[in-house]
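Next up, coords-v1.cif (mmCIF, C-alpha atoms and all ligand atoms):
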```
data_data
loop_
_atom_site.label_atom_id
_atom_site.label_comp_id
_atom_site.auth_asym_id
_atom_site.auth_seq_id
_atom_site.Cartn_x
_atom_site.Cartn_y
_atom_site.Cartn_z
CA MET A 1 45.16 -46.76 10.01
CA SER A 2 42.46 -44.08 9.78
CA ALA A 3 40.57 -42.96 12.89
CA LEU A 4 37.33 -44.65 13.91
CA LEU A 5 34.56 -42.08 13.75
CA PRO A 6 31.10 -42.08 15.35
CA PRO A 7 28.84 -44.01 15.28
CA GLY A 8 31.56 -46.67 15.46
CA ILE A 9 31.26 -49.32 18.15
CA ILE A 10 33.80 -49.59 20.95
CA GLY A 11 33.89 -52.97 22.69
CA ILE A 12 34.91 -52.93 26.35
CA ILE A 13 36.05 -56.06 28.17
CA GLY A 14 34.88 -55.45 31.73
CA GLY A 15 31.72 -53.71 32.85
CA GLY A 16 32.76 -52.26 36.20
CA GLN A 17 32.69 -48.60 37.17
CA LEU A 18 35.58 -47.74 34.85
CA GLY A 19 33.68 -49.06 31.83
CA GLN A 20 30.52 -47.36 33.06
CA MET A 21 32.23 -43.96 33.34
CA MET A 22 33.96 -44.47 29.99
CA ILE A 23 30.54 -44.85 28.39
CA TYR A 24 28.76 -41.97 30.05
CA ARG A 25 31.61 -39.57 29.42
CA SER A 26 32.13 -40.62 25.78
CA LYS A 27 28.65 -41.26 24.43
CA LYS A 28 28.42 -37.51 23.81
CA LEU A 29 31.12 -37.94 21.15
CA GLY A 30 28.68 -40.12 19.24
CA PHE A 31 30.24 -43.56 19.74
CA ARG A 32 28.31 -46.68 20.65
CA PHE A 33 29.48 -49.26 23.17
CA ALA A 34 29.39 -53.03 23.55
CA VAL A 35 30.29 -54.44 26.98
CA LEU A 36 31.28 -57.92 28.10
CA ASP A 37 30.90 -58.83 31.76
CA VAL A 38 28.75 -60.94 34.04
CA LYS A 39 25.04 -60.11 34.35
CA GLY A 40 24.18 -56.94 36.27
CA SER A 41 27.56 -55.23 35.90
CA PRO A 42 27.49 -51.42 36.32
CA ALA A 43 28.36 -50.64 32.66
CA HIS A 44 25.67 -52.95 31.25
CA SER A 45 22.95 -50.45 32.16
CA LEU A 46 24.50 -47.92 29.74
CA ALA A 47 25.78 -50.22 26.99
CA ASP A 48 24.24 -50.32 23.50
CA ILE A 49 25.16 -54.00 23.21
CA VAL A 50 25.30 -56.25 26.29
CA ILE A 51 27.27 -59.49 26.26
CA GLU A 52 27.05 -61.58 29.39
CA GLY A 53 30.00 -63.79 30.21
CA SER A 54 33.29 -64.18 32.00
CA LEU A 55 36.21 -61.88 31.16
CA LYS A 56 38.30 -65.03 30.71
CA ASP A 57 35.86 -66.69 28.27
CA LYS A 58 37.43 -66.87 24.81
CA ASP A 59 34.10 -67.34 23.01
CA ALA A 60 32.54 -64.35 24.76
CA ILE A 61 35.55 -62.17 23.89
CA GLU A 62 35.29 -63.30 20.26
CA GLN A 63 31.60 -62.43 20.23
CA LEU A 64 32.41 -58.97 21.61
CA ALA A 65 35.07 -58.52 18.91
CA LYS A 66 32.48 -59.41 16.22
CA GLU A 67 30.14 -56.71 17.50
CA SER A 68 32.84 -54.02 17.79
CA ASP A 69 35.03 -51.87 15.54
CA VAL A 70 37.74 -51.56 18.17
CA LEU A 71 38.35 -53.46 21.40
CA THR A 72 39.64 -52.15 24.71
CA TYR A 73 39.47 -53.20 28.37
CA GLU A 74 38.95 -51.65 31.78
CA ILE A 75 40.65 -54.35 33.86
CA GLU A 76 43.93 -56.25 33.47
CA HIS A 77 42.80 -59.66 34.70
CA ILE A 78 41.39 -60.93 31.41
CA ASN A 79 42.19 -63.60 28.83
CA THR A 80 45.31 -62.31 27.05
CA ASN A 81 45.66 -65.41 24.86
CA ALA A 82 42.21 -64.80 23.38
CA LEU A 83 43.23 -61.19 22.66
CA MET A 84 46.57 -62.27 21.12
CA ASP A 85 44.69 -64.63 18.86
CA LEU A 86 42.27 -61.90 17.72
CA HIS A 87 45.14 -59.44 17.29
CA SER A 88 46.93 -61.85 14.96
CA LYS A 89 43.74 -61.84 12.85
CA ASN A 90 43.93 -58.02 12.51
CA CYS A 91 41.38 -57.16 15.17
CA SER A 92 42.07 -53.64 16.52
CA ILE A 93 42.84 -53.89 20.25
CA PHE A 94 44.20 -51.01 22.32
CA PRO A 95 46.31 -51.12 24.43
CA SER A 96 47.75 -54.08 22.50
CA PRO A 97 47.74 -57.56 24.07
CA ASP A 98 51.57 -57.38 24.19
CA VAL A 99 51.28 -54.43 26.59
CA LEU A 100 48.75 -56.34 28.67
CA HIS A 101 50.98 -59.42 28.76
CA ILE A 102 53.80 -57.38 30.33
CA ILE A 103 51.59 -55.48 32.75
CA GLN A 104 49.79 -58.58 34.00
CA ASP A 105 53.10 -59.88 35.34
CA LYS A 106 54.98 -57.75 37.88
CA LEU A 107 58.24 -59.55 37.03
CA LEU A 108 57.97 -58.65 33.33
CA GLN A 109 57.04 -55.06 34.25
CA LYS A 110 60.11 -54.81 36.49
CA GLU A 111 62.38 -56.26 33.83
CA LEU A 112 61.12 -53.69 31.32
CA PHE A 113 61.70 -50.79 33.76
CA ILE A 114 65.26 -51.96 34.38
CA LYS A 115 65.99 -52.59 30.69
CA LYS A 116 64.83 -49.06 29.86
CA GLY A 117 66.82 -47.53 32.73
CA LEU A 118 63.72 -46.24 34.52
CA PRO A 119 64.20 -45.58 38.25
CA CYS A 120 62.33 -48.13 40.40
CA ALA A 121 62.68 -50.02 43.67
CA PRO A 122 65.73 -52.30 43.40
CA TYR A 123 64.67 -55.81 42.62
CA PHE A 124 66.57 -58.63 44.24
CA SER A 125 65.38 -61.98 43.02
CA ASP A 126 62.30 -64.02 42.29
CA ASP A 127 63.45 -66.63 44.81
CA ILE A 128 62.85 -66.08 48.56
CA ASN A 129 65.66 -68.48 49.52
CA SER A 130 68.27 -66.16 48.05
CA ILE A 131 67.05 -63.14 50.06
CA LYS A 132 69.45 -62.18 52.83
CA LYS A 133 68.29 -58.65 53.62
CA PHE A 134 65.07 -57.83 55.47
CA PRO A 135 62.62 -56.09 55.57
CA ILE A 136 61.63 -56.69 51.97
CA VAL A 137 58.42 -56.33 49.95
CA GLN A 138 56.93 -59.46 48.42
CA LYS A 139 54.64 -58.98 45.42
CA THR A 140 52.86 -61.84 43.72
CA ARG A 141 53.53 -61.66 40.00
CA LYS A 142 49.92 -61.98 38.87
CA GLU A 143 46.31 -61.12 39.77
CA GLY A 144 47.15 -58.61 42.53
CA TYR A 145 45.09 -55.44 42.98
CA ASP A 146 44.37 -52.87 45.69
CA GLY A 147 47.35 -54.12 47.70
CA ARG A 148 46.21 -57.75 47.71
CA GLY A 149 49.29 -59.69 46.71
CA VAL A 150 51.71 -57.26 48.42
CA LYS A 151 53.31 -58.00 51.80
CA VAL A 152 56.18 -56.55 53.78
CA LEU A 153 58.32 -59.39 55.14
CA LYS A 154 60.19 -58.32 58.24
CA SER A 155 62.39 -61.42 58.55
CA GLU A 156 62.89 -64.85 57.02
CA THR A 157 60.46 -66.32 59.56
CA ASP A 158 57.51 -64.23 58.29
CA GLU A 159 54.95 -66.28 56.42
CA ILE A 160 55.18 -65.56 52.70
CA LEU A 161 52.32 -65.13 50.25
CA LYS A 162 51.52 -68.08 48.00
CA GLY A 163 52.34 -67.92 44.30
CA ALA A 164 55.23 -66.88 42.06
CA SER A 165 56.51 -63.53 43.35
CA ILE A 166 59.08 -60.82 43.09
CA PHE A 167 60.89 -59.31 46.06
CA GLU A 168 61.88 -55.68 46.10
CA GLU A 169 63.49 -53.19 48.42
CA LEU A 170 61.20 -51.52 50.95
CA ILE A 171 61.16 -47.87 49.94
CA ASP A 172 61.05 -45.19 52.61
CA ILE A 173 58.05 -43.47 51.05
CA ASP A 174 57.35 -39.79 51.54
CA LYS A 175 54.38 -39.62 49.14
CA GLU A 176 52.73 -41.85 46.56
CA LEU A 177 52.18 -40.05 43.27
CA ALA A 178 50.26 -40.90 40.12
CA VAL A 179 50.23 -39.51 36.60
CA MET A 180 47.69 -40.28 33.90
CA VAL A 181 49.37 -40.43 30.49
CA SER A 182 47.45 -40.74 27.24
CA ARG A 183 49.06 -41.85 23.99
CA SER A 184 47.24 -41.95 20.70
CA ARG A 185 47.68 -44.33 17.79
CA ASP A 186 50.00 -41.86 16.01
CA GLY A 187 52.28 -41.67 19.08
CA SER A 188 51.15 -38.23 20.24
CA ILE A 189 51.10 -37.86 24.02
CA ALA A 190 49.13 -35.75 26.49
CA VAL A 191 49.89 -35.84 30.21
CA PHE A 192 47.50 -34.99 33.03
CA PRO A 193 48.65 -33.18 36.19
CA VAL A 194 50.66 -35.12 38.79
CA THR A 195 48.48 -36.23 41.71
CA GLU A 196 49.10 -37.41 45.23
CA MET A 197 47.52 -40.67 46.40
CA ALA A 198 46.83 -41.44 50.04
CA PHE A 199 46.21 -45.00 51.17
CA ASN A 200 43.97 -45.92 54.06
CA PRO A 201 46.06 -48.09 56.43
CA ASP A 202 42.96 -50.12 57.47
CA HIS A 203 42.53 -51.75 54.09
CA ASN A 204 45.42 -50.57 51.88
CA ILE A 205 43.08 -49.17 49.24
CA CYS A 206 43.86 -45.80 47.71
CA ASP A 207 41.40 -43.64 49.53
CA THR A 208 42.15 -40.06 48.55
CA VAL A 209 43.61 -38.39 45.45
CA ILE A 210 44.83 -34.81 45.61
CA ALA A 211 45.23 -32.85 42.37
CA PRO A 212 47.64 -31.23 41.88
CA ALA A 213 50.19 -33.03 44.08
CA ARG A 214 51.73 -30.83 46.76
CA VAL A 215 55.30 -31.29 45.49
CA SER A 216 57.93 -29.03 43.92
CA GLU A 217 57.88 -28.36 40.17
CA LYS A 218 61.14 -30.35 39.87
CA ILE A 219 59.53 -33.43 41.46
CA ALA A 220 56.40 -33.05 39.31
CA GLU A 221 58.61 -32.79 36.22
CA ASP A 222 60.55 -35.95 37.21
CA ALA A 223 57.24 -37.79 37.72
CA ARG A 224 55.89 -36.68 34.33
CA GLU A 225 59.11 -37.60 32.57
CA ILE A 226 59.23 -41.12 34.05
CA ALA A 227 55.52 -41.66 33.35
CA VAL A 228 55.85 -40.64 29.71
CA SER A 229 58.99 -42.77 29.28
CA VAL A 230 57.31 -45.92 30.54
CA VAL A 231 54.26 -45.50 28.29
CA LYS A 232 56.59 -44.97 25.31
CA ALA A 233 58.67 -48.00 26.36
CA LEU A 234 55.49 -50.08 26.33
CA ASP A 235 54.47 -48.60 22.97
CA GLY A 236 51.13 -48.11 24.70
CA VAL A 237 48.02 -46.69 23.07
CA GLY A 238 45.21 -45.54 25.37
CA ILE A 239 45.22 -44.05 28.84
CA PHE A 240 47.71 -45.29 31.45
CA GLY A 241 47.72 -44.81 35.21
CA VAL A 242 51.36 -44.61 36.26
CA GLU A 243 51.95 -45.07 40.00
CA LEU A 244 55.14 -43.67 41.50
CA PHE A 245 56.85 -43.28 44.87
CA LEU A 246 58.53 -40.15 46.10
CA ASP A 247 61.11 -41.34 48.63
CA LYS A 248 62.29 -39.37 51.63
CA LYS A 249 65.43 -38.29 49.74
CA GLY A 250 63.36 -36.65 47.00
CA ASN A 251 63.83 -39.40 44.36
CA VAL A 252 60.88 -40.32 42.16
CA LEU A 253 60.61 -44.08 41.53
CA LEU A 254 58.30 -46.01 39.25
CA ASN A 255 56.00 -48.48 41.05
CA GLU A 256 53.61 -49.88 38.47
CA VAL A 257 51.50 -49.10 35.43
CA ALA A 258 47.79 -49.72 34.81
CA PRO A 259 46.85 -49.91 31.09
CA ARG A 260 43.44 -48.29 31.56
CA PRO A 261 41.56 -45.47 33.27
CA HIS A 262 42.59 -45.36 36.90
CA ASN A 263 41.17 -44.36 40.26
CA SER A 264 43.76 -41.59 40.49
CA GLY A 265 42.31 -40.05 37.30
CA HIS A 266 38.66 -39.76 38.41
CA TYR A 267 39.18 -36.14 39.44
CA THR A 268 39.70 -35.25 35.74
CA MET A 269 35.92 -35.54 35.24
CA GLU A 270 35.29 -32.35 37.19
CA ALA A 271 38.70 -30.69 37.27
CA CYS A 272 40.25 -30.98 33.78
CA VAL A 273 39.19 -29.78 30.32
CA THR A 274 39.11 -33.38 29.04
CA CYS A 275 38.53 -36.33 31.38
CA GLN A 276 40.55 -39.55 31.44
CA PHE A 277 37.64 -41.58 29.99
CA GLU A 278 37.08 -39.40 26.94
CA GLN A 279 40.85 -39.24 26.50
CA HIS A 280 41.05 -43.03 26.43
CA VAL A 281 38.33 -43.19 23.79
CA ARG A 282 40.08 -40.51 21.72
CA ALA A 283 43.37 -42.46 21.95
CA VAL A 284 41.99 -45.90 21.03
CA THR A 285 39.91 -44.57 18.15
CA GLY A 286 42.91 -42.67 16.74
CA LEU A 287 41.42 -39.20 17.29
CA PRO A 288 43.43 -36.15 18.41
CA LEU A 289 43.93 -36.08 22.18
CA GLY A 290 42.10 -33.51 24.30
CA ASP A 291 43.39 -30.70 26.49
CA THR A 292 44.59 -32.03 29.87
CA LYS A 293 44.70 -28.67 31.63
CA LEU A 294 43.63 -28.54 35.28
CA LEU A 295 40.78 -26.07 35.69
CA ARG A 296 40.51 -26.14 39.48
CA PRO A 297 42.29 -27.90 42.37
CA ALA A 298 40.39 -31.05 43.35
CA VAL A 299 40.27 -33.87 45.87
CA MET A 300 38.72 -37.25 45.11
CA LEU A 301 37.69 -39.71 47.78
CA ASN A 302 36.53 -43.28 47.27
CA LEU A 303 33.21 -44.19 48.87
CA LEU A 304 33.83 -47.66 50.26
CA GLY A 305 31.41 -49.96 52.03
CA GLN A 306 32.00 -49.58 55.76
CA ALA A 307 33.54 -52.38 57.82
CA GLY A 308 30.96 -55.08 58.62
CA SER A 309 28.51 -53.90 55.92
CA ASN A 310 26.64 -56.21 53.59
CA GLY A 311 23.31 -56.44 51.77
CA LYS A 312 21.62 -53.51 50.02
CA MET A 313 23.23 -50.06 50.07
CA VAL A 314 22.24 -47.62 52.82
CA LEU A 315 23.39 -44.00 52.35
CA HIS A 316 24.19 -41.68 55.23
CA GLY A 317 24.50 -37.90 54.90
CA TYR A 318 23.69 -37.84 51.18
CA GLU A 319 21.37 -34.83 51.20
CA GLU A 320 23.52 -32.88 53.63
CA ALA A 321 26.60 -33.48 51.46
CA MET A 322 24.71 -32.38 48.33
CA LYS A 323 24.45 -28.87 49.78
CA ILE A 324 28.22 -28.40 49.67
CA PRO A 325 29.35 -26.26 46.72
CA GLY A 326 31.88 -27.87 44.41
CA LEU A 327 30.90 -31.44 45.34
CA SER A 328 30.19 -34.05 42.69
CA ILE A 329 29.01 -37.51 43.81
CA HIS A 330 29.33 -40.67 41.71
CA LEU A 331 27.58 -43.88 42.78
CA TYR A 332 28.25 -46.90 40.59
CA GLY A 333 24.92 -48.72 41.00
CA LYS A 334 26.43 -51.87 42.51
CA ASN A 335 23.73 -54.09 43.97
CA ASP A 336 25.39 -55.20 47.16
CA VAL A 337 27.63 -53.53 49.69
CA LYS A 338 30.66 -55.37 51.04
CA PRO A 339 33.26 -54.13 53.51
CA PHE A 340 35.64 -51.77 51.65
CA ARG A 341 33.99 -52.43 48.26
CA LYS A 342 34.25 -49.37 46.01
CA MET A 343 30.61 -48.25 45.81
CA GLY A 344 31.32 -44.81 44.39
CA HIS A 345 33.48 -41.77 44.83
CA PHE A 346 33.19 -38.03 45.17
CA THR A 347 35.28 -35.16 43.88
CA VAL A 348 35.27 -31.74 45.41
CA THR A 349 36.83 -28.72 43.75
CA ALA A 350 37.81 -25.39 45.30
CA ASP A 351 39.87 -22.27 44.60
CA THR A 352 42.89 -23.69 46.44
CA ILE A 353 44.10 -27.20 47.18
CA GLU A 354 44.07 -26.49 50.94
CA GLU A 355 40.39 -25.57 50.74
CA ALA A 356 39.59 -28.65 48.66
CA VAL A 357 41.35 -30.90 51.23
CA LYS A 358 39.40 -29.29 54.05
CA LYS A 359 36.08 -29.71 52.23
CA ALA A 360 36.87 -33.35 51.40
CA GLU A 361 37.60 -34.13 55.07
CA HIS A 362 34.28 -32.58 56.05
CA ILE A 363 32.38 -34.55 53.41
CA ARG A 364 34.19 -37.75 54.46
CA SER A 365 32.86 -37.24 57.99
CA ILE A 366 29.22 -36.99 56.87
CA LEU A 367 28.83 -39.08 53.69
CA LYS A 368 29.02 -42.82 54.36
CA ILE A 369 27.81 -46.09 52.89
CA SER A 370 26.74 -49.12 54.89
CA GLY A 371 24.51 -52.11 54.10
CA ASP A 372 21.07 -53.20 55.35
CA ASN A 373 22.78 -56.43 56.53
CA LYS A 374 19.67 -58.43 55.50
CA SER A 375 21.18 -60.72 52.89
P1 LIG B 1 48.71 -53.39 43.71
O1 LIG B 1 49.06 -53.87 42.34
O2 LIG B 1 47.96 -54.40 44.50
O3 LIG B 1 48.05 -52.03 43.71
P2 LIG B 1 51.21 -52.09 44.47
O4 LIG B 1 52.46 -52.57 43.83
O5 LIG B 1 50.67 -50.80 43.98
O6 LIG B 1 50.10 -53.24 44.47
O7 LIG B 1 51.47 -51.95 46.03
C1 LIG B 1 50.45 -51.58 46.94
C2 LIG B 1 51.01 -50.62 47.97
O8 LIG B 1 52.05 -51.27 48.73
C3 LIG B 1 51.68 -49.39 47.38
O9 LIG B 1 50.73 -48.40 47.05
C4 LIG B 1 52.59 -48.99 48.52
O10 LIG B 1 51.88 -48.33 49.54
C5 LIG B 1 53.07 -50.33 49.06
N1 LIG B 1 54.34 -50.72 48.40
C6 LIG B 1 54.46 -51.38 47.23
N2 LIG B 1 55.76 -51.56 46.91
C7 LIG B 1 56.49 -50.99 47.89
C8 LIG B 1 57.89 -50.84 48.14
N3 LIG B 1 58.81 -51.35 47.32
N4 LIG B 1 58.26 -50.18 49.26
C9 LIG B 1 57.34 -49.68 50.12
N5 LIG B 1 56.02 -49.80 49.95
C10 LIG B 1 55.58 -50.44 48.85
#
```

What would you get if you wrote out this structure as structure tokens?
Ligand code: ADP
Amino acid sequence: MSALLPPGIIGIIGGGQLGQMMIYRSKKLGFRFAVLDVKGSPAHSLADIVIEGSLKDKDAIEQLAKESDVLTYEIEHINTNALMDLHSKNCSIFPSPDVLHIIQDKLLQKELFIKKGLPCAPYFSDDINSIKKFPIVQKTRKEGYDGRGVKVLKSETDEILKGASIFEELIDIDKELAVMVSRSRDGSIAVFPVTEMAFNPDHNICDTVIAPARVSEKIAEDAREIAVSVVKALDGVGIFGVELFLDKKGNVLLNEVAPRPHNSGHYTMEACVTCQFEQHVRAVTGLPLGDTKLLRPAVMLNLLGQAGSNGKMVLHGYEEAMKIPGLSIHLYGKNDVKPFRKMGHFTVTADTIEEAVKKAEHIRSILKISGDNKS
């Protein structure tokens, strides 16, 4: 299959911030973009063709396919059957609906990891009644994100989450790592630097990403090797966010894979030669992959709506933060603030990772988002 060249049209299912950043970082290549999502979604303001509808609506997905030369997505919770149907009619979709089908279901993901011999948290059973050893981690098989659908069960008397689930060993985590891996249509692979993710205990959302991860070269190599292996095992085409655990004994374990640009890859926009969004577009159009080299150490922090916030966005410390060298602010243009909603992020670069961490902590203390609490 020959590469899609500009001014070809890339159709994106999902118009959130990931789709929005994909467009503004890839329009410069000369491509055009069609976006399906509900009215007012962040990416719609930049799209060449706007389709309003649900991500689960088969007709809307078919309409998007008609408008586009290649289809991709920026979220996993979409209508896979509609994509499978289009795929069988030779519509170009990357990553393929088969990849999506596996990733949408944590049980299928786990089975693939085990089949391919990839190190991951031991998996006991999909039936709570057969579990004898606690504590254990329950994960609902489908529709989980940002830690929703994950619960540590301390004993058999703990209330379990509703829905079909898997149960896996509680890992004694030292650090959570992530690697962005891109794979093009011809199977060529380019790997971004290994990063460290820190989760805010208040809401379980990944709050901070540190690039490069402060780990030994051996651990970084293990992380890269596992991340590449899983993308190959999936036969994935596009960009993949691979989440890993480093346990206290120094073992790197696979947690899960996202078949799309990922929060842990936002830092690439300021800190790498090619960013994750352009890389995704290069991969799905069949173009050569870009250089993934890290130019400067960087820290990314999500800008979340503060607890108790709602209504229109109110910014605090914006102008003061803007004075800080190396800071790049991204606001996604979402209409309403909600507690812990991802409203934007910032990345700060510096000569050393220690300096970048220090700057990020300072910016975190001054730059905040609340709501006017009027609606
Ligand atoms: P989601 O798909 O909602 O992002 P994850 O599988 O990434 O869910 O889990 C969310 C978080 O829960 C992880 O980042 C990690 O902090 C914790 N977690 C998940 N699985 C385990 C495990 N087996 N042992 C310890 N902590 C875990």

Compile the contact shell of Lys151 of chain A as a compact mmCIF listing (two decimals) with C-alpha atoms, keeping the file's coordinate frame: residues with an atom at most 7 Å away, counting all atoms listed in the file, same-chain residues fewer than 6 positions apart removed.
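Dumped everything to result33.txt:
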```txt
# COMPACT_ATOMS: atom_id res chain seq x y z
CA VAL A 137 58.42 -56.33 49.95
CA GLN A 138 56.93 -59.46 48.42
CA LYS A 139 54.64 -58.98 45.42
```

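With distances taken over only C-alpha atoms and all ligand atoms, A:Ile173 is the one residue among A:Leu153, A:Ala213, A:Met180, A:Ile173 lying closest to ligand LIG 1 (chain B).
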
- Find the spatial neighbours of segment 326-335 of chain A, counting all atoms listed in the file, within a cut-off of 8 Å - ignore same-chain residues fewer than 5 positions away - and output them as a count of residues only. 16

- Of the listed residues A:Ile160, A:Val181, A:Leu118, A:Val209, that which approaches Leu301 of chain A most closely, counting all atoms listed in the file: A:Val209

To box segment 80-96 of chain A, take all atoms listed in the file, fit an axis-aligned box, add 8 Å on each side, and give centre and edge lengths in Å to one decimal, as AutoDock Vina command-line options.
```
--center_x 44.6 --center_y -58.2 --center_z 19.8 --size_x 22.4 --size_y 30.4 --size_z 30.5
```

- Within 10 Å of (30.7, -44.0, 15.8) (coordinates as in the file), grab all the protein and nucleic acid residues, counting only C-alpha atoms, and write them out as JSON, numbers by chain. {"A": [4, 5, 6, 7, 8, 9, 10, 27, 29, 30, 31, 32, 33, 69, 285]}

May I have a table of the residues of chain A lying at most 6 Å from ligand LIG 1 (chain B), giving each one's closest pair of atoms and their distance in Å to one decimal, counting only C-alpha atoms and all ligand atoms, ordered by chain and ascending residue number, as CSV?
```
residue,atom,partner,partner_atom,distance
A:Ala121,CA,B:LIG1,N3,5.5
A:Val137,CA,B:LIG1,N3,5.6
A:Gly144,CA,B:LIG1,O2,4.7
A:Tyr145,CA,B:LIG1,O2,3.4
A:Asp146,CA,B:LIG1,O2,4.1
A:Gly147,CA,B:LIG1,O2,3.3
A:Arg148,CA,B:LIG1,O2,5.0
A:Gly149,CA,B:LIG1,O2,5.9
A:Val150,CA,B:LIG1,O7,5.8
A:Glu168,CA,B:LIG1,N3,5.4
A:Glu169,CA,B:LIG1,N3,5.1
A:Leu170,CA,B:LIG1,N4,3.6
A:Ile171,CA,B:LIG1,N4,3.8
```

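For the residues A:Gly19, A:Pro259, A:Gly187, A:Gly238, ranking by smallest atom-to-atom distance to Leu100 of chain A using only C-alpha atoms places A:Pro259 first.
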
- Message: Between A:Val284, A:Ile239, A:Val252, A:Ala43, which residue has the minimum interatomic distance to Leu71 of chain A, considering all atoms listed in the file?
- Response: A:Val284

- Might you pull out every residue within 6 Å of Val38 of chain A, with all atoms listed in the file counted and same-chain residues fewer than 5 positions away left off, and present them as a PyMOL selection string? chain A and resi 52-54

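Using all atoms listed in the file, the shortest contact distance between Leu289 of chain A and any of A:Leu253, A:Val35, A:Ile219, A:Val237 is found at A:Val237.
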
- Neighbours of Ile369 of chain A within 9 Å (only C-alpha atoms; same-chain residues fewer than 6 positions away dropped), as a PyMOL selection string? chain A and resi 303-306+309+313-316+337+343

Give me a file of those residues, with C-alpha atoms, as a short mmCIF file (atom, residue, chain, number, x, y, z; two decimals), in the coordinates of the input.
```cif
data_model
loop_
_atom_site.label_atom_id
_atom_site.label_comp_id
_atom_site.auth_asym_id
_atom_site.auth_seq_id
_atom_site.Cartn_x
_atom_site.Cartn_y
_atom_site.Cartn_z
CA LEU A 303 33.21 -44.19 48.87
CA LEU A 304 33.83 -47.66 50.26
CA GLY A 305 31.41 -49.96 52.03
CA GLN A 306 32.00 -49.58 55.76
CA SER A 309 28.51 -53.90 55.92
CA MET A 313 23.23 -50.06 50.07
CA VAL A 314 22.24 -47.62 52.82
CA LEU A 315 23.39 -44.00 52.35
CA HIS A 316 24.19 -41.68 55.23
CA VAL A 337 27.63 -53.53 49.69
CA MET A 343 30.61 -48.25 45.81
#
```

- Message: Using all atoms listed in the file, which protein or nucleic acid residues come within 10 Å of Val231 of chain A? Drop anything in the same chain fewer than 2 positions from it, and give the result as a PyMOL selection string.
- Response: chain A and resi 99+181-183+189+226-229+233-242+257+259

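Among the candidates A:Ala271, A:Ala164, A:Ile363, A:Leu64, the residue lying nearest to Asp351 of chain A is A:Ala271 (atoms considered: only C-alpha atoms).
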
- Determine, counting only C-alpha atoms, every residue of protein, DNA or RNA that lies within 12 Å of (35.9, -55.7, 19.7) in the file coordinates, then give the result as an MDAnalysis selection string. chainID A and resid 8:13 32:36 49 51 60:73 82:83 86:87 90:94 284:285
